[in-house]
>>> print(open('entry-v9.cif').read())   # mmCIF, C-alpha atoms
data_data
loop_
_atom_site.group_PDB
_atom_site.id
_atom_site.type_symbol
_atom_site.label_atom_id
_atom_site.label_comp_id
_atom_site.auth_asym_id
_atom_site.auth_seq_id
_atom_site.Cartn_x
_atom_site.Cartn_y
_atom_site.Cartn_z
ATOM 1 C CA MET A 1470 -8.569 2.592 19.529
ATOM 2 C CA THR A 1471 -6.322 -0.215 20.785
ATOM 3 C CA ILE A 1472 -8.430 -2.736 18.883
ATOM 4 C CA LEU A 1473 -7.962 -0.745 15.670
ATOM 5 C CA ILE A 1474 -4.186 -0.658 16.171
ATOM 6 C CA VAL A 1475 -4.223 -4.428 16.767
ATOM 7 C CA ILE A 1476 -6.234 -4.952 13.545
ATOM 8 C CA LEU A 1477 -3.696 -2.910 11.571
ATOM 9 C CA ALA A 1478 -0.841 -4.839 13.191
ATOM 10 C CA CYS A 1479 -2.478 -8.110 12.069
ATOM 11 C CA GLY A 1480 -2.437 -6.710 8.527
ATOM 12 C CA ALA A 1481 1.236 -5.873 8.922
ATOM 13 C CA PHE A 1482 1.889 -9.471 9.989
ATOM 14 C CA PHE A 1483 0.162 -10.722 6.814
ATOM 15 C CA CYS A 1484 2.489 -8.469 4.813
ATOM 16 C CA LEU A 1485 5.456 -9.821 6.770
ATOM 17 C CA TYR A 1486 4.424 -13.371 5.835
ATOM 18 C CA ARG A 1487 4.348 -12.393 2.154
ATOM 19 C CA ALA A 1488 7.667 -10.562 2.423
ATOM 20 C CA LEU A 1489 9.349 -13.626 3.932
ATOM 21 C CA LYS A 1490 7.739 -16.248 1.677
ATOM 22 C CA GLY A 1491 7.120 -14.331 -1.566
ATOM 23 C CA PRO A 1492 8.404 -16.244 -4.580
ATOM 24 C CA SER A 1493 9.741 -13.251 -6.513
ATOM 25 C CA ILE A 1494 11.491 -9.961 -5.761
ATOM 26 C CA PRO A 1495 8.486 -7.679 -6.615
ATOM 27 C CA ASP A 1496 6.350 -9.682 -4.158
ATOM 28 C CA ARG A 1497 8.695 -8.773 -1.339
ATOM 29 C CA ALA A 1498 8.909 -5.182 -2.577
ATOM 30 C CA ILE A 1499 5.148 -4.630 -2.632
ATOM 31 C CA ALA A 1500 4.769 -6.343 0.752
ATOM 32 C CA VAL A 1501 7.336 -4.038 2.353
ATOM 33 C CA ASP A 1502 5.713 -1.011 0.679
ATOM 34 C CA ILE A 1503 2.262 -1.933 2.021
ATOM 35 C CA MET A 1504 3.752 -2.638 5.432
ATOM 36 C CA SER A 1505 5.326 0.801 5.677
ATOM 37 C CA VAL A 1506 2.049 2.470 4.679
ATOM 38 C CA ILE A 1507 0.310 0.467 7.435
ATOM 39 C CA PHE A 1508 2.936 1.700 9.887
ATOM 40 C CA SER A 1509 2.201 5.219 8.716
ATOM 41 C CA SER A 1510 -1.504 4.824 9.521
ATOM 42 C CA ILE A 1511 -0.702 3.215 12.900
ATOM 43 C CA THR A 1512 1.407 6.284 13.665
ATOM 44 C CA ALA A 1513 -1.533 8.523 12.708
ATOM 45 C CA LEU A 1514 -3.811 6.640 15.103
ATOM 46 C CA MET A 1515 -1.256 7.015 17.898
ATOM 47 C CA ALA A 1516 -1.016 10.726 17.126
ATOM 48 C CA LEU A 1517 -4.802 10.967 17.482
ATOM 49 C CA ARG A 1518 -4.790 9.001 20.716
ATOM 50 C CA TYR A 1519 -2.050 10.938 22.505
ATOM 51 C CA ARG A 1520 -2.830 14.306 20.788
ATOM 52 C CA LEU A 1521 0.755 14.668 19.573
ATOM 53 C CA ALA A 1522 0.817 16.532 16.250
ATOM 54 C CA TYR A 1523 4.478 15.822 15.524
ATOM 55 C CA LEU A 1524 3.813 12.094 15.164
ATOM 56 C CA LEU A 1525 2.019 12.917 11.916
ATOM 57 C CA ASP A 1526 5.289 14.397 10.558
ATOM 58 C CA LEU A 1527 6.743 10.939 11.151
ATOM 59 C CA SER A 1528 3.770 9.442 9.298
ATOM 60 C CA ILE A 1529 4.364 11.636 6.226
ATOM 61 C CA ALA A 1530 8.092 10.842 6.334
ATOM 62 C CA ILE A 1531 7.435 7.078 6.364
ATOM 63 C CA ALA A 1532 5.120 7.425 3.349
ATOM 64 C CA VAL A 1533 7.711 9.477 1.406
ATOM 65 C CA ILE A 1534 10.550 7.050 2.142
ATOM 66 C CA SER A 1535 8.516 3.998 1.097
ATOM 67 C CA PHE A 1536 7.430 5.736 -2.130
ATOM 68 C CA VAL A 1537 10.998 6.624 -3.115
ATOM 69 C CA GLY A 1538 12.256 3.149 -2.231
ATOM 70 C CA THR A 1539 9.585 1.412 -4.283
ATOM 71 C CA LEU A 1540 10.261 3.642 -7.301
ATOM 72 C CA ALA A 1541 14.002 2.932 -7.072
ATOM 73 C CA LEU A 1542 13.367 -0.814 -6.909
ATOM 74 C CA ALA A 1543 10.939 -0.625 -9.856
ATOM 75 C CA LYS A 1544 13.586 1.141 -11.964
ATOM 76 C CA TYR A 1545 16.133 -1.488 -10.958
ATOM 77 C CA LEU A 1546 13.765 -4.265 -12.044
ATOM 78 C CA GLU A 1547 13.253 -2.577 -15.412
ATOM 79 C CA GLY A 1548 17.008 -2.696 -15.884
ATOM 80 C CA ARG A 1549 17.593 1.035 -16.066
ATOM 81 C CA SER A 1550 19.813 3.255 -13.963
ATOM 82 C CA LEU A 1551 18.361 5.794 -11.556
ATOM 83 C CA ASP A 1552 19.184 8.922 -13.612
ATOM 84 C CA ASP A 1553 17.698 7.494 -16.790
ATOM 85 C CA MET B 978 -22.218 14.100 14.553
ATOM 86 C CA ILE B 979 -18.872 14.875 12.900
ATOM 87 C CA SER B 980 -17.026 12.731 15.423
ATOM 88 C CA VAL B 981 -19.353 9.799 14.643
ATOM 89 C CA LEU B 982 -18.514 10.238 10.948
ATOM 90 C CA GLY B 983 -14.820 10.332 11.836
ATOM 91 C CA TRP B 984 -15.019 7.072 13.803
ATOM 92 C CA ILE B 985 -16.935 5.427 10.960
ATOM 93 C CA ALA B 986 -14.183 6.493 8.522
ATOM 94 C CA ILE B 987 -11.437 5.179 10.810
ATOM 95 C CA VAL B 988 -13.122 1.798 11.415
ATOM 96 C CA ALA B 989 -13.891 1.373 7.694
ATOM 97 C CA GLY B 990 -10.280 2.251 6.876
ATOM 98 C CA ALA B 991 -8.913 -0.327 9.287
ATOM 99 C CA GLY B 992 -11.267 -2.953 7.864
ATOM 100 C CA PHE B 993 -10.256 -2.186 4.284
ATOM 101 C CA THR B 994 -6.582 -2.367 5.233
ATOM 102 C CA LEU B 995 -7.043 -5.765 6.894
ATOM 103 C CA LEU B 996 -8.924 -7.121 3.854
ATOM 104 C CA GLY B 997 -6.220 -5.812 1.528
ATOM 105 C CA CYS B 998 -3.534 -7.580 3.512
ATOM 106 C CA LEU B 999 -5.611 -10.770 3.465
ATOM 107 C CA GLY B 1000 -5.664 -10.423 -0.328
ATOM 108 C CA LEU B 1001 -1.888 -10.031 -0.269
ATOM 109 C CA VAL B 1002 -1.669 -13.440 1.380
ATOM 110 C CA ARG B 1003 -4.406 -15.313 -0.499
ATOM 111 C CA PHE B 1004 -4.285 -14.328 -4.180
ATOM 112 C CA PRO B 1005 -2.512 -16.621 -6.654
ATOM 113 C CA ASP B 1006 0.029 -14.455 -8.500
ATOM 114 C CA LEU B 1007 1.924 -11.189 -8.174
ATOM 115 C CA TYR B 1008 -0.382 -8.961 -10.204
ATOM 116 C CA ASN B 1009 -3.550 -10.089 -8.422
ATOM 117 C CA ARG B 1010 -1.862 -9.579 -5.093
ATOM 118 C CA MET B 1011 -0.621 -6.170 -6.134
ATOM 119 C CA GLN B 1012 -3.991 -4.841 -7.226
ATOM 120 C CA ALA B 1013 -5.777 -6.193 -4.141
ATOM 121 C CA ALA B 1014 -3.234 -4.835 -1.717
ATOM 122 C CA THR B 1015 -2.586 -1.411 -3.211
ATOM 123 C CA LYS B 1016 -6.207 -0.444 -3.862
ATOM 124 C CA CYS B 1017 -7.506 -1.563 -0.477
ATOM 125 C CA VAL B 1018 -4.600 -0.120 1.480
ATOM 126 C CA THR B 1019 -4.778 3.223 -0.345
ATOM 127 C CA LEU B 1020 -8.471 3.553 0.465
ATOM 128 C CA GLY B 1021 -7.934 2.344 4.021
ATOM 129 C CA THR B 1022 -5.107 4.749 4.763
ATOM 130 C CA CYS B 1023 -7.038 7.652 3.244
ATOM 131 C CA GLY B 1024 -10.031 6.681 5.399
ATOM 132 C CA ILE B 1025 -7.950 6.621 8.561
ATOM 133 C CA MET B 1026 -6.331 9.979 7.787
ATOM 134 C CA LEU B 1027 -9.713 11.497 6.887
ATOM 135 C CA GLY B 1028 -11.106 10.196 10.175
ATOM 136 C CA VAL B 1029 -8.232 11.779 12.100
ATOM 137 C CA PHE B 1030 -8.983 15.042 10.270
ATOM 138 C CA LEU B 1031 -12.707 14.852 11.070
ATOM 139 C CA LEU B 1032 -12.034 14.076 14.720
ATOM 140 C CA SER B 1033 -9.563 16.882 15.288
ATOM 141 C CA GLY B 1034 -10.759 19.624 12.911
ATOM 142 C CA PHE B 1035 -8.508 22.359 11.545
ATOM 143 C CA THR B 1036 -5.799 21.966 14.163
ATOM 144 C CA SER B 1037 -2.197 21.111 13.296
ATOM 145 C CA LEU B 1038 -3.103 17.431 13.784
ATOM 146 C CA GLY B 1039 -5.990 17.547 11.320
ATOM 147 C CA VAL B 1040 -4.263 19.502 8.586
ATOM 148 C CA LYS B 1041 -1.207 17.257 8.674
ATOM 149 C CA ALA B 1042 -3.492 14.213 8.425
ATOM 150 C CA LEU B 1043 -5.182 15.752 5.382
ATOM 151 C CA VAL B 1044 -1.804 16.410 3.714
ATOM 152 C CA CYS B 1045 -0.744 12.826 4.435
ATOM 153 C CA ALA B 1046 -3.994 11.472 2.963
ATOM 154 C CA LEU B 1047 -3.490 13.504 -0.222
ATOM 155 C CA PHE B 1048 0.125 12.333 -0.508
ATOM 156 C CA VAL B 1049 -0.763 8.659 -0.074
ATOM 157 C CA LEU B 1050 -3.659 9.016 -2.539
ATOM 158 C CA ILE B 1051 -1.284 10.375 -5.186
ATOM 159 C CA THR B 1052 1.823 8.259 -4.627
ATOM 160 C CA MET B 1053 0.569 4.727 -3.883
ATOM 161 C CA PRO B 1054 -0.962 4.101 -7.350
ATOM 162 C CA VAL B 1055 2.150 5.577 -9.003
ATOM 163 C CA ALA B 1056 4.444 3.272 -7.041
ATOM 164 C CA ALA B 1057 2.263 0.230 -7.722
ATOM 165 C CA HIS B 1058 2.097 1.015 -11.447
ATOM 166 C CA ALA B 1059 5.865 1.443 -11.691
ATOM 167 C CA LEU B 1060 6.446 -1.779 -9.792
ATOM 168 C CA ALA B 1061 3.958 -3.721 -11.958
ATOM 169 C CA ARG B 1062 5.642 -2.494 -15.138
ATOM 170 C CA GLY B 1063 9.050 -3.287 -13.723
ATOM 171 C CA SER B 1064 8.047 -6.812 -12.794
ATOM 172 C CA LEU B 1065 6.480 -7.426 -16.243
ATOM 173 C CA ILE B 1066 9.790 -6.447 -17.854
ATOM 174 C CA PHE B 1067 11.711 -8.399 -15.202
ATOM 175 C CA GLY B 1068 9.775 -11.483 -16.309
ATOM 176 C CA VAL B 1069 7.425 -12.485 -13.509
ATOM 177 C CA LYS B 1070 4.916 -14.999 -14.890
ATOM 178 C CA LEU B 1071 1.150 -14.474 -14.938
ATOM 179 C CA TRP B 1072 -1.116 -16.963 -13.192
ATOM 180 C CA LYS B 1073 -1.908 -20.128 -15.191
ATOM 181 C CA GLY B 1074 -5.646 -19.318 -15.249
ATOM 182 C CA THR B 1075 -5.126 -15.992 -17.035
ATOM 183 C CA VAL B 1076 -7.251 -15.677 -20.175
ATOM 184 C CA LYS B 1077 -5.587 -12.748 -21.967
ATOM 185 C CA ASP B 1078 -2.055 -11.372 -22.092
ATOM 186 C CA GLN B 1079 -2.325 -8.012 -23.842
ATOM 187 C CA PHE B 1080 1.125 -6.765 -22.807
ATOM 188 C CA SER B 1081 3.051 -9.510 -24.610
ATOM 189 C CA GLN B 1082 0.773 -9.226 -27.661
ATOM 190 C CA ASP B 1083 1.490 -5.510 -27.956
ATOM 191 C CA ARG B 1084 5.226 -5.991 -27.553
ATOM 192 C CA GLY B 1085 5.238 -8.914 -29.974
ATOM 193 C CA THR B 1086 7.083 -11.235 -27.613
ATOM 194 C CA GLY B 1087 6.121 -14.669 -26.365
ATOM 195 C CA SER B 1088 3.399 -15.177 -23.815
ATOM 196 C CA ILE B 1089 4.378 -14.906 -20.158
ATOM 197 C CA ILE B 1090 1.454 -16.937 -18.801
ATOM 198 C CA GLU B 1091 2.682 -19.662 -16.485
ATOM 199 C CA GLU B 1092 2.632 -23.217 -17.854
ATOM 200 C CA LYS B 1093 0.114 -25.620 -16.344
#
>>> encode(input="entry-v9.cif", output="structure tokens")
Amino acid sequence: MTILIVILACGAFFCLYRALKGPSIPDRAIAVDIMSVIFSSITALMALRYRLAYLLDLSIAIAVISFVGTLALAKYLEGRSLDD
Amino acid sequence: MISVLGWIAIVAGAGFTLLGCLGLVRFPDLYNRMQAATKCVTLGTCGIMLGVFLLSGFTSLGVKALVCALFVLITMPVAAHALARGSLIFGVKLWKGTVKDQFSQDRGTGSIIEEK
């Protein structure tokens, strides 16, 4: 279980590299989106390990927030306003 | 038997996620990176959530994991598609080895393939 969490954290570090180095804005956006989904699955593994069901609420909340943030940034890049 | 299947799903999910993040580092331009990362990470996260569901059954833990898997399966491709369209309109260049640029042809604008 710990090894799996470490593997996922290595993936999150790869995303962090891309988010810091990425040449364009959408690179950073997709890296942060992927990173938050990885955090959501790490939270699910911790919920399985400690048998705490409420950690999965946190996991769903992280996924929702990253989805809304990515959509808002995509609309900004298209040059439209949010209520368009 | 079911718990073995659950562990297989979790390990495969973690492996897919790691490979997707490796693609995010290694691929040459934004669109390649985006398709590698989003597909692999969607499958990996769904695998992990499905494994949590198989390991814990129809308890509150398992059902919440199933809901989370369904949500990620629906929303990650939508977010990636919106972001890809946004970055095409924003003007991010394609990789210089790209052979076809259908988007610019359809819109009738100049090619957005990067110069060599």
>>> closest_atom_pairs(input="entry-v9.cif", of="chain B", to="chain A", cutoff="9 Å", atoms="all atoms listed in the file", output="tab-separated table")
residue	atom	partner	partner_atom	distance
B:Ile987	CA	A:Leu1473	CA	8.4
B:Val988	CA	A:Leu1473	CA	7.2
B:Ala991	CA	A:Leu1477	CA	6.3
B:Gly992	CA	A:Ile1476	CA	7.8
B:Thr994	CA	A:Gly1480	CA	6.8
B:Leu995	CA	A:Gly1480	CA	5.0
B:Leu996	CA	A:Gly1480	CA	8.0
B:Gly997	CA	A:Gly1480	CA	8.0
B:Cys998	CA	A:Gly1480	CA	5.2
B:Leu999	CA	A:Phe1483	CA	6.7
B:Leu1001	CA	A:Cys1484	CA	6.9
B:Val1002	CA	A:Arg1487	CA	6.2
B:Leu1007	CA	A:Asp1496	CA	6.2
B:Arg1010	CA	A:Asp1496	CA	8.3
B:Met1011	CA	A:Ile1499	CA	6.9
B:Ala1014	CA	A:Ile1503	CA	7.3
B:Thr1015	CA	A:Ile1503	CA	7.2
B:Val1018	CA	A:Ile1503	CA	7.1
B:Thr1019	CA	A:Val1506	CA	8.5
B:Gly1021	CA	A:Ser1510	CA	8.8
B:Thr1022	CA	A:Ser1510	CA	6.0
B:Cys1023	CA	A:Ser1510	CA	8.8
B:Ile1025	CA	A:Ser1510	CA	6.8
B:Met1026	CA	A:Ala1513	CA	7.0
B:Val1029	CA	A:Leu1517	CA	6.4
B:Leu1032	CA	A:Leu1517	CA	8.3
B:Ser1033	CA	A:Leu1517	CA	7.9
B:Thr1036	CA	A:Ala1522	CA	8.8
B:Ser1037	CA	A:Ala1522	CA	6.2
B:Leu1038	CA	A:Ala1522	CA	4.7
B:Gly1039	CA	A:Ala1522	CA	8.5
B:Lys1041	CA	A:Leu1525	CA	6.3
B:Ala1042	CA	A:Leu1525	CA	6.7
B:Val1044	CA	A:Ile1529	CA	8.2
B:Cys1045	CA	A:Ile1529	CA	5.5
B:Ala1046	CA	A:Ile1529	CA	9.0
B:Phe1048	CA	A:Ile1529	CA	8.0
B:Val1049	CA	A:Ala1532	CA	6.9
B:Thr1052	CA	A:Phe1536	CA	6.6
B:Met1053	CA	A:Phe1536	CA	7.2
B:Val1055	CA	A:Leu1540	CA	8.5
B:Ala1056	CA	A:Leu1540	CA	5.8
B:Ala1057	CA	A:Ile1499	CA	7.6
B:Ala1059	CA	A:Ala1543	CA	5.8
B:Leu1060	CA	A:Ala1543	CA	4.6
B:Ala1061	CA	A:Ala1543	CA	7.9
B:Arg1062	CA	A:Glu1547	CA	7.6
B:Gly1063	CA	A:Glu1547	CA	4.6
B:Ser1064	CA	A:Pro1495	CA	6.3
B:Leu1065	CA	A:Glu1547	CA	8.4
B:Ile1066	CA	A:Glu1547	CA	5.7
B:Phe1067	CA	A:Leu1546	CA	5.6
B:Val1069	CA	A:Ser1493	CA	7.4
>>> residues_around(input="entry-v9.cif", residues="Met978 in chain B", least_positions_apart="5", cutoff="12 Å", atoms="all atoms listed in the file", output="VMD selection string")
chain B and resid 983 to 985 1031 to 1032
>>> residues_around(input="entry-v9.cif", residues="range 1086-1091 of chain B", least_positions_apart="5", cutoff="12 Å", atoms="only C-alpha atoms", output="MDAnalysis selection string")
chainID B and resid 1005:1008 1064:1081
>>> atom_distance(input="entry-v9.cif", atom1="CA of Leu1027 in chain B", atom2="CA of Phe1004 in chain B")
28.6 Å
>>> atom_distance(input="entry-v9.cif", atom1="CA of Thr1512 in chain A", atom2="CA of Ile1051 in chain B")
19.5 Å
>>> atom_distance(input="entry-v9.cif", atom1="CA of Gln1012 in chain B", atom2="CA of Thr1471 in chain A")
28.5 Å
>>> closest_residue(input="entry-v9.cif", among="B:Gly1028, B:Gly1085, B:Gly1000, B:Pro1054", to="Val1040 in chain B", atoms="all atoms listed in the file")
B:Gly1028
>>> axis_aligned_box(input="entry-v9.cif", around="range 1534-1552 of chain A", padding_each_side="5 Å", output="lines of an AutoDock Vina configuration file")
center_x = 13.6
center_y = 2.3
center_z = -7.0
size_x = 22.4
size_y = 23.2
size_z = 28.2
>>> closest_residue(input="entry-v9.cif", among="B:Ala1013, B:Ala986, B:Val981, B:Leu1020", to="Leu1050 in chain B", atoms="all atoms listed in the file")
B:Leu1020
>>> decode(input="entry-v9.cif", residues="range 992-1076 of chain B", atoms="C-alpha atoms", output="mmCIF file, in the first residue's frame")
data_model
loop_
_atom_site.group_PDB
_atom_site.id
_atom_site.type_symbol
_atom_site.label_atom_id
_atom_site.label_comp_id
_atom_site.auth_asym_id
_atom_site.auth_seq_id
_atom_site.Cartn_x
_atom_site.Cartn_y
_atom_site.Cartn_z
ATOM 1 C CA GLY B 992 1.085 1.746 -13.034
ATOM 2 C CA PHE B 993 -1.075 3.449 -15.653
ATOM 3 C CA THR B 994 -0.994 6.694 -13.679
ATOM 4 C CA LEU B 995 2.807 6.600 -13.430
ATOM 5 C CA LEU B 996 3.149 5.929 -17.178
ATOM 6 C CA GLY B 997 0.755 8.774 -17.962
ATOM 7 C CA CYS B 998 2.801 11.183 -15.889
ATOM 8 C CA LEU B 999 5.967 9.967 -17.618
ATOM 9 C CA GLY B 1000 4.242 10.822 -20.905
ATOM 10 C CA LEU B 1001 3.453 14.263 -19.508
ATOM 11 C CA VAL B 1002 7.178 14.813 -19.054
ATOM 12 C CA ARG B 1003 8.529 13.155 -22.209
ATOM 13 C CA PHE B 1004 6.238 13.999 -25.137
ATOM 14 C CA PRO B 1005 7.216 16.824 -27.500
ATOM 15 C CA ASP B 1006 4.233 19.198 -27.635
ATOM 16 C CA LEU B 1007 1.122 20.153 -25.691
ATOM 17 C CA TYR B 1008 -1.409 18.010 -27.536
ATOM 18 C CA ASN B 1009 0.670 14.829 -27.329
ATOM 19 C CA ARG B 1010 1.238 15.436 -23.655
ATOM 20 C CA MET B 1011 -2.435 16.098 -23.096
ATOM 21 C CA GLN B 1012 -3.663 12.916 -24.734
ATOM 22 C CA ALA B 1013 -1.057 10.745 -22.992
ATOM 23 C CA ALA B 1014 -1.708 12.197 -19.578
ATOM 24 C CA THR B 1015 -5.493 12.418 -19.610
ATOM 25 C CA LYS B 1016 -6.193 8.968 -21.051
ATOM 26 C CA CYS B 1017 -3.748 7.124 -18.810
ATOM 27 C CA VAL B 1018 -4.695 9.019 -15.667
ATOM 28 C CA THR B 1019 -8.430 8.568 -16.287
ATOM 29 C CA LEU B 1020 -7.992 4.816 -16.652
ATOM 30 C CA GLY B 1021 -5.620 4.672 -13.695
ATOM 31 C CA THR B 1022 -7.894 6.589 -11.355
ATOM 32 C CA CYS B 1023 -10.901 4.512 -12.407
ATOM 33 C CA GLY B 1024 -8.849 1.364 -11.762
ATOM 34 C CA ILE B 1025 -7.864 2.512 -8.291
ATOM 35 C CA MET B 1026 -11.436 3.471 -7.389
ATOM 36 C CA LEU B 1027 -12.766 0.186 -8.799
ATOM 37 C CA GLY B 1028 -10.178 -1.680 -6.733
ATOM 38 C CA VAL B 1029 -11.262 0.161 -3.585
ATOM 39 C CA PHE B 1030 -14.856 -0.809 -4.420
ATOM 40 C CA LEU B 1031 -13.939 -4.470 -4.969
ATOM 41 C CA LEU B 1032 -11.947 -4.608 -1.746
ATOM 42 C CA SER B 1033 -14.613 -3.071 0.452
ATOM 43 C CA GLY B 1034 -17.878 -4.198 -1.179
ATOM 44 C CA PHE B 1035 -21.173 -2.350 -0.798
ATOM 45 C CA THR B 1036 -20.160 -0.396 2.284
ATOM 46 C CA SER B 1037 -20.125 3.404 2.403
ATOM 47 C CA LEU B 1038 -16.448 3.260 1.372
ATOM 48 C CA GLY B 1039 -17.128 1.162 -1.719
ATOM 49 C CA VAL B 1040 -20.151 3.049 -2.975
ATOM 50 C CA LYS B 1041 -18.417 6.404 -2.625
ATOM 51 C CA ALA B 1042 -15.435 5.013 -4.555
ATOM 52 C CA LEU B 1043 -17.782 3.866 -7.322
ATOM 53 C CA VAL B 1044 -19.412 7.321 -7.508
ATOM 54 C CA CYS B 1045 -15.972 8.942 -7.665
ATOM 55 C CA ALA B 1046 -14.885 6.578 -10.457
ATOM 56 C CA LEU B 1047 -18.001 7.417 -12.486
ATOM 57 C CA PHE B 1048 -17.460 11.150 -11.947
ATOM 58 C CA VAL B 1049 -13.811 11.036 -13.017
ATOM 59 C CA LEU B 1050 -14.713 8.875 -16.036
ATOM 60 C CA ILE B 1051 -17.232 11.483 -17.195
ATOM 61 C CA THR B 1052 -15.446 14.734 -16.367
ATOM 62 C CA MET B 1053 -11.769 14.164 -17.234
ATOM 63 C CA PRO B 1054 -12.301 13.767 -21.019
ATOM 64 C CA VAL B 1055 -14.646 16.783 -21.016
ATOM 65 C CA ALA B 1056 -12.068 18.951 -19.261
ATOM 66 C CA ALA B 1057 -9.261 17.768 -21.542
ATOM 67 C CA HIS B 1058 -11.350 18.401 -24.665
ATOM 68 C CA ALA B 1059 -12.284 21.904 -23.529
ATOM 69 C CA LEU B 1060 -8.681 22.688 -22.675
ATOM 70 C CA ALA B 1061 -7.403 21.353 -26.029
ATOM 71 C CA ARG B 1062 -9.917 23.480 -27.927
ATOM 72 C CA GLY B 1063 -9.067 26.493 -25.818
ATOM 73 C CA SER B 1064 -5.357 26.108 -26.437
ATOM 74 C CA LEU B 1065 -5.889 25.671 -30.213
ATOM 75 C CA ILE B 1066 -7.784 28.974 -30.268
ATOM 76 C CA PHE B 1067 -5.229 30.532 -27.906
ATOM 77 C CA GLY B 1068 -2.572 29.700 -30.500
ATOM 78 C CA VAL B 1069 -0.327 26.995 -29.083
ATOM 79 C CA LYS B 1070 1.771 25.566 -31.925
ATOM 80 C CA LEU B 1071 1.720 21.924 -33.016
ATOM 81 C CA TRP B 1072 4.931 19.908 -32.984
ATOM 82 C CA LYS B 1073 7.195 20.398 -36.030
ATOM 83 C CA GLY B 1074 6.874 16.721 -37.031
ATOM 84 C CA THR B 1075 3.085 16.919 -37.395
ATOM 85 C CA VAL B 1076 1.880 15.666 -40.779
#
